[in-house]
Structures are given as structure tokens and as C-alpha cells.
$ cat upload08.txt   # compact mmCIF, C-alpha atoms and all ligand atoms
# COMPACT_ATOMS: atom_id res chain seq x y z
CA MET A 1 -185.27 -42.41 30.62
CA ASN A 2 -185.10 -46.03 29.56
CA ARG A 3 -184.03 -46.10 25.94
CA ALA A 4 -182.83 -49.70 25.77
CA GLY A 5 -186.09 -51.35 26.83
CA LYS A 6 -185.92 -54.97 27.91
CA PRO A 7 -184.31 -57.87 26.06
CA THR A 8 -186.80 -59.13 23.50
CA PRO A 9 -188.07 -62.68 22.82
CA ALA A 10 -186.20 -62.59 19.50
CA PHE A 11 -183.01 -61.82 21.42
CA PHE A 12 -183.48 -64.83 23.72
CA GLU A 13 -184.37 -67.09 20.77
CA THR A 14 -181.19 -66.08 18.96
CA LEU A 15 -179.08 -66.93 22.01
CA ALA A 16 -180.92 -70.21 22.61
CA ALA A 17 -180.22 -71.30 19.02
CA GLN A 18 -176.51 -71.10 19.84
CA HIS A 19 -176.84 -72.50 23.38
CA ILE A 20 -175.54 -69.27 24.88
CA GLU A 21 -176.52 -68.80 28.51
CA LEU A 22 -176.35 -65.61 30.53
CA GLU A 23 -176.39 -64.88 34.24
CA PRO A 24 -179.07 -62.40 35.41
CA GLY A 25 -176.45 -59.78 36.36
CA GLU A 26 -175.03 -60.01 32.85
CA LEU A 27 -178.38 -59.18 31.26
CA GLU A 28 -178.53 -56.02 33.36
CA LYS A 29 -175.07 -55.02 32.18
CA LEU A 30 -175.97 -55.67 28.52
CA GLU A 31 -179.00 -53.44 29.02
CA ALA A 32 -176.88 -50.70 30.59
CA HIS A 33 -174.50 -50.85 27.60
CA LEU A 34 -177.38 -50.49 25.15
CA GLU A 35 -178.77 -47.63 27.23
CA ALA A 36 -175.41 -45.83 27.12
CA LEU A 37 -175.14 -46.46 23.36
CA LEU A 38 -178.57 -45.05 22.54
CA GLU A 39 -177.98 -42.10 24.87
CA ALA A 40 -174.60 -41.23 23.29
CA ASN A 41 -176.11 -41.78 19.85
CA GLU A 42 -178.26 -38.70 20.46
CA ARG A 43 -175.05 -36.65 20.69
CA PHE A 44 -172.99 -38.20 17.89
CA ASN A 45 -173.39 -41.04 15.44
CA LEU A 46 -172.51 -44.47 16.79
CA THR A 47 -175.19 -46.58 15.13
CA ALA A 48 -177.92 -46.34 12.52
CA VAL A 49 -179.99 -48.80 14.54
CA ARG A 50 -182.27 -46.64 16.67
CA ASP A 51 -185.01 -49.15 17.47
CA PRO A 52 -184.10 -50.86 20.77
CA ALA A 53 -185.77 -54.18 19.83
CA GLU A 54 -183.68 -54.27 16.68
CA ALA A 55 -180.55 -53.27 18.59
CA TRP A 56 -180.95 -56.19 21.03
CA VAL A 57 -180.66 -58.62 18.10
CA ARG A 58 -178.46 -56.79 15.60
CA HIS A 59 -175.93 -55.49 18.12
CA VAL A 60 -176.10 -57.50 21.34
CA ALA A 61 -177.03 -60.98 20.09
CA ASP A 62 -174.80 -60.57 17.04
CA SER A 63 -171.84 -59.74 19.31
CA LEU A 64 -172.64 -62.68 21.59
CA SER A 65 -172.66 -65.03 18.58
CA LEU A 66 -168.87 -65.08 19.06
CA VAL A 67 -169.10 -66.56 22.58
CA PRO A 68 -168.97 -70.24 21.47
CA PHE A 69 -166.02 -69.50 19.17
CA VAL A 70 -164.01 -67.65 21.82
CA ALA A 71 -164.85 -70.37 24.36
CA GLU A 72 -163.81 -73.18 22.05
CA SER A 73 -160.53 -71.45 21.19
CA GLY A 74 -159.64 -71.12 24.86
CA ALA A 75 -158.59 -67.49 24.23
CA LYS A 76 -157.95 -65.55 27.43
CA SER A 77 -156.86 -62.23 25.92
CA ILE A 78 -158.63 -60.63 23.00
CA VAL A 79 -158.69 -57.31 21.14
CA ASP A 80 -161.80 -55.80 19.61
CA LEU A 81 -160.46 -53.86 16.63
CA GLY A 82 -162.57 -50.86 15.65
CA SER A 83 -164.97 -51.28 18.57
CA GLY A 84 -167.07 -48.16 17.81
CA GLY A 85 -170.17 -48.45 20.01
CA GLY A 86 -168.53 -51.40 21.81
CA PHE A 87 -169.46 -54.27 19.49
CA PRO A 88 -168.60 -57.06 19.75
CA GLY A 89 -166.14 -56.38 22.62
CA ILE A 90 -168.39 -55.16 25.43
CA PRO A 91 -171.10 -57.87 25.24
CA LEU A 92 -168.32 -60.48 24.97
CA ALA A 93 -166.55 -59.08 28.03
CA ILE A 94 -169.84 -59.11 29.97
CA ALA A 95 -170.66 -62.71 29.03
CA MET A 96 -167.05 -63.93 29.48
CA PRO A 97 -165.63 -62.22 32.58
CA GLU A 98 -162.67 -64.62 32.56
CA VAL A 99 -161.42 -63.16 29.26
CA GLN A 100 -159.33 -59.96 29.14
CA VAL A 101 -160.68 -57.63 26.46
CA LEU A 102 -158.93 -54.62 24.92
CA LEU A 103 -161.24 -52.28 23.01
CA VAL A 104 -159.47 -50.30 20.31
CA ASP A 105 -160.72 -47.43 18.18
CA SER A 106 -158.93 -44.65 16.38
CA VAL A 107 -161.57 -42.00 17.05
CA GLY A 108 -161.22 -39.99 20.28
CA LYS A 109 -164.89 -39.39 21.06
CA LYS A 110 -165.73 -43.04 20.57
CA VAL A 111 -162.91 -44.01 22.90
CA ARG A 112 -164.13 -41.54 25.54
CA TYR A 113 -167.64 -42.99 25.25
CA LEU A 114 -166.22 -46.55 25.58
CA GLU A 115 -164.25 -45.53 28.69
CA GLU A 116 -167.39 -44.08 30.21
CA VAL A 117 -169.37 -47.27 29.52
CA VAL A 118 -166.65 -49.46 31.04
CA GLN A 119 -166.58 -47.27 34.13
CA ARG A 120 -170.37 -47.11 34.45
CA LEU A 121 -170.79 -50.86 34.11
CA GLY A 122 -167.76 -51.75 36.18
CA LEU A 123 -165.99 -54.16 33.85
CA PRO A 124 -162.69 -55.15 35.47
CA ASN A 125 -161.66 -57.29 32.49
CA VAL A 126 -161.88 -54.45 29.93
CA THR A 127 -159.34 -51.83 28.91
CA VAL A 128 -159.73 -49.19 26.22
CA ARG A 129 -157.12 -47.65 23.98
CA GLN A 130 -157.24 -44.94 21.35
CA THR A 131 -154.99 -46.05 18.54
CA ARG A 132 -155.02 -47.38 15.04
CA ALA A 133 -154.68 -51.11 14.53
CA GLU A 134 -151.60 -50.45 12.38
CA GLU A 135 -149.90 -48.69 15.28
CA LEU A 136 -150.86 -51.27 17.88
CA ALA A 137 -149.31 -53.98 15.73
CA ASP A 138 -146.18 -51.97 14.95
CA TRP A 139 -143.01 -54.05 15.40
CA LYS A 140 -141.29 -51.06 17.03
CA GLY A 141 -142.89 -51.61 20.40
CA GLY A 142 -146.60 -52.06 20.14
CA LEU A 143 -148.50 -55.13 21.19
CA ARG A 144 -147.45 -57.31 18.31
CA GLU A 145 -148.00 -61.07 18.66
CA SER A 146 -149.38 -60.74 22.18
CA PHE A 147 -153.08 -61.67 22.01
CA ASP A 148 -154.87 -65.00 21.74
CA ALA A 149 -157.50 -63.61 19.37
CA VAL A 150 -158.77 -60.52 17.57
CA VAL A 151 -162.51 -60.06 17.22
CA CYS A 152 -164.09 -57.55 14.91
CA ARG A 153 -167.21 -56.49 13.09
CA ALA A 154 -167.83 -53.98 10.32
CA VAL A 155 -164.28 -52.64 10.15
CA GLY A 156 -163.29 -53.71 6.64
CA GLY A 157 -163.11 -56.48 4.10
CA LEU A 158 -161.45 -59.74 5.13
CA ALA A 159 -158.23 -58.93 3.20
CA THR A 160 -157.87 -55.73 5.24
CA LEU A 161 -158.72 -57.44 8.52
CA VAL A 162 -156.20 -60.23 7.97
CA GLU A 163 -153.43 -57.64 7.57
CA LEU A 164 -154.55 -55.62 10.61
CA ALA A 165 -155.34 -58.52 12.93
CA LEU A 166 -152.88 -61.36 12.36
CA PRO A 167 -149.79 -59.31 13.38
CA LEU A 168 -151.45 -58.83 16.79
CA VAL A 169 -152.12 -62.47 17.59
CA LYS A 170 -149.72 -65.13 18.83
CA ILE A 171 -148.81 -68.01 16.54
CA ASP A 172 -151.83 -70.34 16.50
CA GLY A 173 -154.01 -67.38 17.53
CA LEU A 174 -157.22 -66.43 15.75
CA LEU A 175 -158.98 -63.66 13.91
CA LEU A 176 -162.72 -64.07 14.55
CA ALA A 177 -164.60 -61.78 12.19
CA ILE A 178 -168.35 -61.30 12.13
CA LYS A 179 -169.27 -61.16 8.48
CA GLY A 180 -172.41 -61.28 6.38
CA GLU A 181 -173.63 -63.26 3.42
CA LYS A 182 -170.69 -62.19 1.28
CA ALA A 183 -168.22 -64.11 3.46
CA PRO A 184 -167.28 -66.65 0.74
CA GLU A 185 -166.46 -63.87 -1.74
CA GLU A 186 -164.42 -62.04 0.91
CA ILE A 187 -162.46 -65.21 1.65
CA GLU A 188 -161.70 -65.63 -2.03
CA GLU A 189 -160.63 -62.01 -2.27
CA ALA A 190 -158.35 -62.43 0.79
CA ALA A 191 -156.28 -65.25 -0.78
CA ARG A 192 -153.18 -63.11 -1.22
CA ALA A 193 -153.48 -61.49 2.23
CA LEU A 194 -153.86 -64.94 3.81
CA LYS A 195 -150.74 -66.15 2.05
CA GLU A 196 -148.63 -63.09 2.97
CA LEU A 197 -149.79 -63.03 6.59
CA GLN A 198 -149.59 -66.83 6.99
CA GLY A 199 -153.26 -67.25 7.81
CA GLU A 200 -155.58 -70.14 7.15
CA VAL A 201 -159.38 -70.06 7.20
CA ALA A 202 -160.13 -72.49 10.01
CA ALA A 203 -163.92 -72.20 9.92
CA THR A 204 -166.80 -70.38 8.28
CA GLN A 205 -170.04 -70.72 10.12
CA ARG A 206 -173.48 -69.22 9.74
CA THR A 207 -175.08 -67.98 12.93
CA PRO A 208 -178.64 -66.66 13.40
CA THR A 209 -177.38 -63.11 12.72
CA GLY A 210 -174.40 -63.47 10.37
CA THR A 211 -171.40 -65.53 9.36
CA ILE A 212 -168.33 -66.01 11.54
CA VAL A 213 -165.04 -66.39 9.72
CA ALA A 214 -162.22 -67.82 11.84
CA VAL A 215 -158.67 -67.35 10.55
CA ARG A 216 -155.77 -69.10 12.27
CA LYS A 217 -152.25 -67.64 12.29
CA LEU A 218 -149.80 -70.35 11.25
CA ALA A 219 -146.46 -68.55 11.57
CA LYS A 220 -144.79 -65.35 12.76
CA THR A 221 -145.70 -62.24 10.77
CA VAL A 222 -142.93 -60.68 8.69
CA ARG A 223 -141.98 -57.10 9.66
CA LEU A 224 -143.46 -55.65 6.51
CA TYR A 225 -147.02 -56.06 7.86
CA PRO A 226 -149.15 -54.24 8.65
CA ARG A 227 -148.15 -51.62 6.10
CA ASP A 228 -148.33 -47.89 6.87
CA GLN A 229 -151.47 -46.38 8.37
CA GLY A 230 -154.45 -46.50 6.08
CA LEU A 231 -152.89 -48.71 3.42
CA PRO A 232 -154.43 -52.02 4.55
CA ALA A 233 -157.89 -50.47 4.04
CA ARG A 234 -157.09 -48.31 0.99
CA LYS A 235 -155.11 -50.89 -0.92
CA PRO A 236 -155.98 -54.30 0.51
CA LEU A 237 -153.39 -56.95 -0.43
CA GLY A 238 -154.26 -58.67 -3.67
CA VAL A 239 -157.57 -56.85 -4.11
CA LYS A 240 -158.25 -54.81 -7.24
CA VAL A 241 -159.40 -51.42 -6.02
CA ASP A 242 -162.00 -49.68 -8.14
CA PRO A 243 -160.15 -46.63 -9.59
CA GLY A 244 -163.28 -44.57 -9.15
CA SER A 245 -163.44 -45.17 -5.41
N1 LIG B 301 -167.31 -52.74 15.51
C1 LIG B 301 -168.37 -51.75 15.65
C2 LIG B 301 -168.07 -50.45 14.89
C3 LIG B 301 -167.92 -50.61 13.40
S1 LIG B 301 -167.58 -49.05 12.60
C4 LIG B 301 -169.69 -52.35 15.21
O1 LIG B 301 -169.70 -53.40 14.59
O2 LIG B 301 -170.74 -51.77 15.51
C5 LIG B 301 -165.83 -49.18 12.37
C6 LIG B 301 -165.04 -48.62 13.55
O3 LIG B 301 -163.68 -48.96 13.36
C7 LIG B 301 -165.10 -47.12 13.66
O4 LIG B 301 -165.43 -46.75 14.99
C8 LIG B 301 -163.69 -46.66 13.28
O5 LIG B 301 -163.29 -45.50 14.00
C9 LIG B 301 -162.83 -47.86 13.64
N2 LIG B 301 -161.63 -48.09 12.81
C10 LIG B 301 -161.58 -48.20 11.45
N3 LIG B 301 -160.32 -48.47 11.06
C11 LIG B 301 -159.55 -48.54 12.17
C12 LIG B 301 -158.16 -48.80 12.41
N4 LIG B 301 -157.32 -49.01 11.41
N5 LIG B 301 -157.73 -48.82 13.69
C13 LIG B 301 -158.59 -48.60 14.71
N6 LIG B 301 -159.91 -48.34 14.55
C14 LIG B 301 -160.39 -48.32 13.30

$ encode --input "upload08.txt" --output "C-alpha cells" --more "lines below"
Ligand code: SAH
Amino acid sequence: MNRAGKPTPAFFETLAAQHIELEPGELEKLEAHLEALLEANERFNLTAVRDPAEAWVRHVADSLSLVPFVAESGAKSIVDLGSGGGFPGIPLAIAMPEVQVLLVDSVGKKVRYLEEVVQRLGLPNVTVRQTRAEELADWKGGLRESFDAVVCRAVGGLATLVELALPLVKIDGLLLAIKGEKAPEEIEEAARALKELQGEVAATQRTPTGTIVAVRKLAKTVRLYPRDQGLPARKPLGVKVDPGS
């Protein structure tokens, strides 16, 4: 059964607006990813987007909106933190085969699904790991300060992401977060996290599907960060947490 359908005109228009070009073989792989997503979504929840036409824009094109940013940065090794259904990491890896992509998620069944997709599509530049971002960035022997960039979407507020992502990137490396219309408020809210983690907002740019916030790491991260598992999300640095939540 073909659940993913074919890429829609709206999908191609979105890419054209950002001058993103794909090879024919890459389109087939993007379609196979969407097919695997919608198939797995019948077994357990990976996405609320069930309409394939909508998924082509909201998942695939939205993920690909990072291509110009990754290309411009020259990043050759990236981590997708909290990859879930594989966004944005899998479409990025398909469109940029020269970039090494590590997909990370803390949930076992999502990781098994991601491994299956990578195997089915044959993506030599992708690896998958079940872990929490906090653990991956641990100074005791994780992969601290070893990536050119972290990409992520829908994993947390910017203050949380700065604490989870900046320890993983090299000095001068980037956090590239896909955000929505609230990006300016999130940047304001992340002031303390940016200061503590030595990050600087290098760019905020609207795309056809969202807003990309690029944060550059200016200096080595102190050992204190990221704090213990769960804390960066539960008590984001410098953010007043609603006592009722
Ligand atoms: N990036 C995907 C999924 C977003 S849902 C998308 O945009 O569609 C958030 C995902 O992040 C979930 O799959 C969750 O398991 C994972 N996640 C949340 N916090 C995490 C952490 N600290 N470390 C690793 N994965 C995390």
C-alpha cells in the first residue's frame, strides 16, 4: 500500500522558494521515509499529521529548510537531537549525503523504527543511538564537543535546547533549531542559558514553514552543563516555570 503518495506541488514550491534542489533518487528515498513513518504510525504514535500531502510540507519540506543553513556552515558531522519520526535528520541525510548524521532519541521503539528506516533506505551516512541528550553530552566519556552542529525540531524551548545541544558541538559549532512564530520570545527567554553555555544567536530566519534559529558556541562548555537528566527540560536555565505545570 502506498501511504505516502507523491510529493505535492506545495512541497516543490516550498523547496523552490529556498533554492533547494534534489536528485531524483533522493525524492524516492524521501518518499520511502514518509511511507515508513505513516506505516509505523499505525502501530504507535509518531506524528499527528496523517494526511500525506500535509506531511510532505510539514515534515519533509520543513526538515529540508535546514539544508541551506547546514551547507553554509560547512558542517560535516551533525546530531539530530530527539529525532522521533526522523525529522529533521533523515531528510537532511538524504539531501546531504556528504554529511554524517547521528539520530538520537531516548525512546526505544522510536530508535528501533529509525534503525529500520535507515536500513530500508540504505543510508550509509546515518547512525542511530538510543540515549538521552544529557548522557551523550556527559563529560565522563560521551560525545562532548565532537560535532559541527546539532539540529532539532519540537524537542523543547530554546533555553532547554541550548543546554542540551551546545555541550555537544565543537567551539564555533552551531545549534540549528527549527522554531515557530514564537522564536523571538524563546530567544529572550534563553538569555541566561545563552550566557551560561557561551552561545550567541547568530541568525534568526523565517522560512516558508517556520523560523530557523542558529546559535553559535563561542567557548568551551563548563562541566556543570548539561545538568542531570530531565533538569534542562523541567527547570530550563533562567526560565520561570509555572508552579502549576
Ligand atoms: N524531532 C521530531 C520529534 C519531536 S518529538 C519531529 O520534529 O517530528 C520529541 C522527541 O524527542 C521524542 O521522540 C522524544 O523521545 C525525544 N526526546 C525528548 N527529550 C529528549 C532527550 N533529552 N534526549 C533524547 N531524546 C529526547

$ closest_atom_pairs --input "upload08.txt" --of "chain A" --to "ligand LIG 301 (chain B)" --cutoff "6 Å" --atoms "all atoms listed in the file" --output "JSON lines"
{"residue": "A:Leu81", "atom": "CA", "partner": "B:LIG301", "partner_atom": "C13", "distance": 5.9}
{"residue": "A:Gly82", "atom": "CA", "partner": "B:LIG301", "partner_atom": "O3", "distance": 3.2}
{"residue": "A:Ser83", "atom": "CA", "partner": "B:LIG301", "partner_atom": "N1", "distance": 4.1}
{"residue": "A:Gly84", "atom": "CA", "partner": "B:LIG301", "partner_atom": "O4", "distance": 3.6}
{"residue": "A:Gly85", "atom": "CA", "partner": "B:LIG301", "partner_atom": "O2", "distance": 5.6}
{"residue": "A:Phe87", "atom": "CA", "partner": "B:LIG301", "partner_atom": "C4", "distance": 4.7}
{"residue": "A:Val104", "atom": "CA", "partner": "B:LIG301", "partner_atom": "C13", "distance": 5.9}
{"residue": "A:Asp105", "atom": "CA", "partner": "B:LIG301", "partner_atom": "N6", "distance": 3.8}
{"residue": "A:Ser106", "atom": "CA", "partner": "B:LIG301", "partner_atom": "N6", "distance": 4.2}
{"residue": "A:Val107", "atom": "CA", "partner": "B:LIG301", "partner_atom": "O5", "distance": 5.0}
{"residue": "A:Thr131", "atom": "CA", "partner": "B:LIG301", "partner_atom": "C13", "distance": 5.8}
{"residue": "A:Arg132", "atom": "CA", "partner": "B:LIG301", "partner_atom": "N5", "distance": 3.4}
{"residue": "A:Ala133", "atom": "CA", "partner": "B:LIG301", "partner_atom": "N5", "distance": 3.9}
{"residue": "A:Glu134", "atom": "CA", "partner": "B:LIG301", "partner_atom": "N4", "distance": 6.0}
{"residue": "A:Cys152", "atom": "CA", "partner": "B:LIG301", "partner_atom": "N1", "distance": 5.8}
{"residue": "A:Arg153", "atom": "CA", "partner": "B:LIG301", "partner_atom": "O1", "distance": 4.2}
{"residue": "A:Ala154", "atom": "CA", "partner": "B:LIG301", "partner_atom": "C3", "distance": 4.6}
{"residue": "A:Val155", "atom": "CA", "partner": "B:LIG301", "partner_atom": "C5", "distance": 4.4}

$ closest_residue --input "upload08.txt" --among "A:Glu31, A:Glu26, A:Glu188, A:Glu145" --to "A:Thr8" --atoms "all atoms listed in the file"
A:Glu31

$ closest_residue --input "upload08.txt" --among "A:Val117, A:Glu72, A:Ser63, A:Gly122" --to "A:Gly25" --atoms "all atoms listed in the file"
A:Gly122

$ residues_around --input "upload08.txt" --residues "A:Glu181" --least-positions-apart "2" --cutoff "12 Å" --atoms "all atoms listed in the file" --output "PDB file with C-alpha atoms, keeping the file's coordinate frame"
ATOM      1  CA  ILE A 178    -168.350 -61.300  12.130  1.00  0.00           C
ATOM      2  CA  LYS A 179    -169.270 -61.160   8.480  1.00  0.00           C
ATOM      3  CA  ALA A 183    -168.220 -64.110   3.460  1.00  0.00           C
ATOM      4  CA  PRO A 184    -167.280 -66.650   0.740  1.00  0.00           C
ATOM      5  CA  GLU A 185    -166.460 -63.870  -1.740  1.00  0.00           C
ATOM      6  CA  GLU A 186    -164.420 -62.040   0.910  1.00  0.00           C
ATOM      7  CA  ILE A 187    -162.460 -65.210   1.650  1.00  0.00           C
ATOM      8  CA  THR A 204    -166.800 -70.380   8.280  1.00  0.00           C
ATOM      9  CA  GLN A 205    -170.040 -70.720  10.120  1.00  0.00           C
ATOM     10  CA  ARG A 206    -173.480 -69.220   9.740  1.00  0.00           C
ATOM     11  CA  THR A 207    -175.080 -67.980  12.930  1.00  0.00           C
ATOM     12  CA  PRO A 208    -178.640 -66.660  13.400  1.00  0.00           C
ATOM     13  CA  THR A 209    -177.380 -63.110  12.720  1.00  0.00           C
ATOM     14  CA  GLY A 210    -174.400 -63.470  10.370  1.00  0.00           C
ATOM     15  CA  THR A 211    -171.400 -65.530   9.360  1.00  0.00           C
ATOM     16  CA  ILE A 212    -168.330 -66.010  11.540  1.00  0.00           C
ATOM     17  CA  VAL A 213    -165.040 -66.390   9.720  1.00  0.00           C
TER      18      VAL A 213
END

$ residues_around --input "upload08.txt" --residues "A:Ala95" --least-positions-apart "6" --cutoff "9 Å" --atoms "all atoms listed in the file" --output "list in words"
Glu21, Leu22, Glu23, Glu26, Leu27, Leu30, Leu64 and Val67 of chain A

$ closest_residue --input "upload08.txt" --among "A:Leu176, A:Ala53, A:Ala203, A:Val222" --to "A:Pro7" --atoms "all atoms listed in the file"
A:Ala53

$ residues_around --input "upload08.txt" --residues "stretch 36-52 of chain A" --least-positions-apart "5" --cutoff "10 Å" --atoms "all atoms listed in the file" --output "list in words"
Met1, Asn2, Arg3, Ala4, Gly5, Lys6, Pro7, Thr8, Leu30, Glu31, Val57, Arg58, His59, Gly84, Gly85, Gly86, Lys109, Lys110, Tyr113, Leu114, Glu116, Val117, Arg120 and Leu121 of chain A

$ decode --input "upload08.txt" --residues "stretch 114-125 of chain A" --atoms "all heavy atoms" --output "mmCIF file, in the first residue's frame"
data_model
loop_
_atom_site.group_PDB
_atom_site.id
_atom_site.type_symbol
_atom_site.label_atom_id
_atom_site.label_comp_id
_atom_site.auth_asym_id
_atom_site.auth_seq_id
_atom_site.Cartn_x
_atom_site.Cartn_y
_atom_site.Cartn_z
ATOM 1 N N LEU A 114 13.658 3.949 13.703
ATOM 2 C CA LEU A 114 14.669 4.731 12.959
ATOM 3 C C LEU A 114 15.719 3.805 12.349
ATOM 4 O O LEU A 114 16.118 3.985 11.188
ATOM 5 C CB LEU A 114 15.348 5.761 13.878
ATOM 6 C CG LEU A 114 14.495 6.958 14.310
ATOM 7 C CD1 LEU A 114 15.192 7.753 15.420
ATOM 8 C CD2 LEU A 114 14.180 7.884 13.130
ATOM 9 N N GLU A 115 16.134 2.792 13.112
ATOM 10 C CA GLU A 115 17.129 1.842 12.590
ATOM 11 C C GLU A 115 16.583 1.109 11.378
ATOM 12 O O GLU A 115 17.282 0.886 10.400
ATOM 13 C CB GLU A 115 17.526 0.836 13.683
ATOM 14 C CG GLU A 115 18.540 1.427 14.655
ATOM 15 C CD GLU A 115 18.716 0.617 15.921
ATOM 16 O OE1 GLU A 115 17.869 -0.268 16.208
ATOM 17 O OE2 GLU A 115 19.701 0.898 16.643
ATOM 18 N N GLU A 116 15.297 0.753 11.456
ATOM 19 C CA GLU A 116 14.676 0.035 10.350
ATOM 20 C C GLU A 116 14.609 0.916 9.095
ATOM 21 O O GLU A 116 14.868 0.465 7.988
ATOM 22 C CB GLU A 116 13.272 -0.405 10.776
ATOM 23 C CG GLU A 116 12.690 -1.483 9.905
ATOM 24 C CD GLU A 116 11.209 -1.673 10.198
ATOM 25 O OE1 GLU A 116 10.879 -1.944 11.376
ATOM 26 O OE2 GLU A 116 10.401 -1.517 9.272
ATOM 27 N N VAL A 117 14.275 2.189 9.293
ATOM 28 C CA VAL A 117 14.195 3.117 8.155
ATOM 29 C C VAL A 117 15.577 3.270 7.500
ATOM 30 O O VAL A 117 15.712 3.206 6.279
ATOM 31 C CB VAL A 117 13.680 4.515 8.591
ATOM 32 C CG1 VAL A 117 13.706 5.496 7.425
ATOM 33 C CG2 VAL A 117 12.271 4.425 9.160
ATOM 34 N N VAL A 118 16.588 3.440 8.329
ATOM 35 C CA VAL A 118 17.951 3.639 7.815
ATOM 36 C C VAL A 118 18.386 2.413 7.011
ATOM 37 O O VAL A 118 18.984 2.531 5.941
ATOM 38 C CB VAL A 118 18.933 3.923 8.986
ATOM 39 C CG1 VAL A 118 20.381 3.884 8.518
ATOM 40 C CG2 VAL A 118 18.616 5.275 9.605
ATOM 41 N N GLN A 119 18.033 1.233 7.528
ATOM 42 C CA GLN A 119 18.397 0.007 6.833
ATOM 43 C C GLN A 119 17.614 -0.126 5.525
ATOM 44 O O GLN A 119 18.177 -0.424 4.480
ATOM 45 C CB GLN A 119 18.114 -1.181 7.743
ATOM 46 C CG GLN A 119 18.899 -2.398 7.354
ATOM 47 C CD GLN A 119 18.631 -3.534 8.317
ATOM 48 O OE1 GLN A 119 17.546 -3.640 8.896
ATOM 49 N NE2 GLN A 119 19.613 -4.387 8.496
ATOM 50 N N ARG A 120 16.319 0.142 5.584
ATOM 51 C CA ARG A 120 15.469 0.005 4.405
ATOM 52 C C ARG A 120 15.897 0.940 3.284
ATOM 53 O O ARG A 120 15.899 0.595 2.119
ATOM 54 C CB ARG A 120 14.027 0.357 4.810
ATOM 55 C CG ARG A 120 13.007 -0.675 4.335
ATOM 56 C CD ARG A 120 11.627 -0.071 4.260
ATOM 57 N NE ARG A 120 10.834 -0.380 5.443
ATOM 58 C CZ ARG A 120 9.545 -0.039 5.569
ATOM 59 N NH1 ARG A 120 8.925 0.629 4.596
ATOM 60 N NH2 ARG A 120 8.884 -0.334 6.649
ATOM 61 N N LEU A 121 16.252 2.176 3.673
ATOM 62 C CA LEU A 121 16.616 3.175 2.667
ATOM 63 C C LEU A 121 18.069 3.055 2.227
ATOM 64 O O LEU A 121 18.441 3.572 1.175
ATOM 65 C CB LEU A 121 16.378 4.596 3.211
ATOM 66 C CG LEU A 121 14.995 5.201 3.001
ATOM 67 C CD1 LEU A 121 13.919 4.362 3.669
ATOM 68 C CD2 LEU A 121 14.931 6.620 3.540
ATOM 69 N N GLY A 122 18.867 2.397 3.052
ATOM 70 C CA GLY A 122 20.289 2.316 2.744
ATOM 71 C C GLY A 122 20.927 3.686 2.829
ATOM 72 O O GLY A 122 21.187 4.325 1.814
ATOM 73 N N LEU A 123 21.133 4.168 4.048
ATOM 74 C CA LEU A 123 21.722 5.497 4.237
ATOM 75 C C LEU A 123 23.070 5.343 4.931
ATOM 76 O O LEU A 123 23.146 5.287 6.159
ATOM 77 C CB LEU A 123 20.783 6.374 5.084
ATOM 78 C CG LEU A 123 19.391 6.631 4.517
ATOM 79 C CD1 LEU A 123 18.518 7.346 5.537
ATOM 80 C CD2 LEU A 123 19.479 7.456 3.231
ATOM 81 N N PRO A 124 24.148 5.258 4.133
ATOM 82 C CA PRO A 124 25.461 4.979 4.733
ATOM 83 C C PRO A 124 25.976 6.088 5.646
ATOM 84 O O PRO A 124 26.871 5.852 6.456
ATOM 85 C CB PRO A 124 26.377 4.809 3.508
ATOM 86 C CG PRO A 124 25.679 5.444 2.373
ATOM 87 C CD PRO A 124 24.214 5.423 2.672
ATOM 88 N N ASN A 125 25.412 7.289 5.516
ATOM 89 C CA ASN A 125 25.909 8.414 6.331
ATOM 90 C C ASN A 125 25.110 8.613 7.621
ATOM 91 O O ASN A 125 25.269 9.621 8.300
ATOM 92 C CB ASN A 125 25.890 9.716 5.506
ATOM 93 C CG ASN A 125 24.519 10.054 4.934
ATOM 94 O OD1 ASN A 125 23.726 9.164 4.641
ATOM 95 N ND2 ASN A 125 24.223 11.324 4.782
#
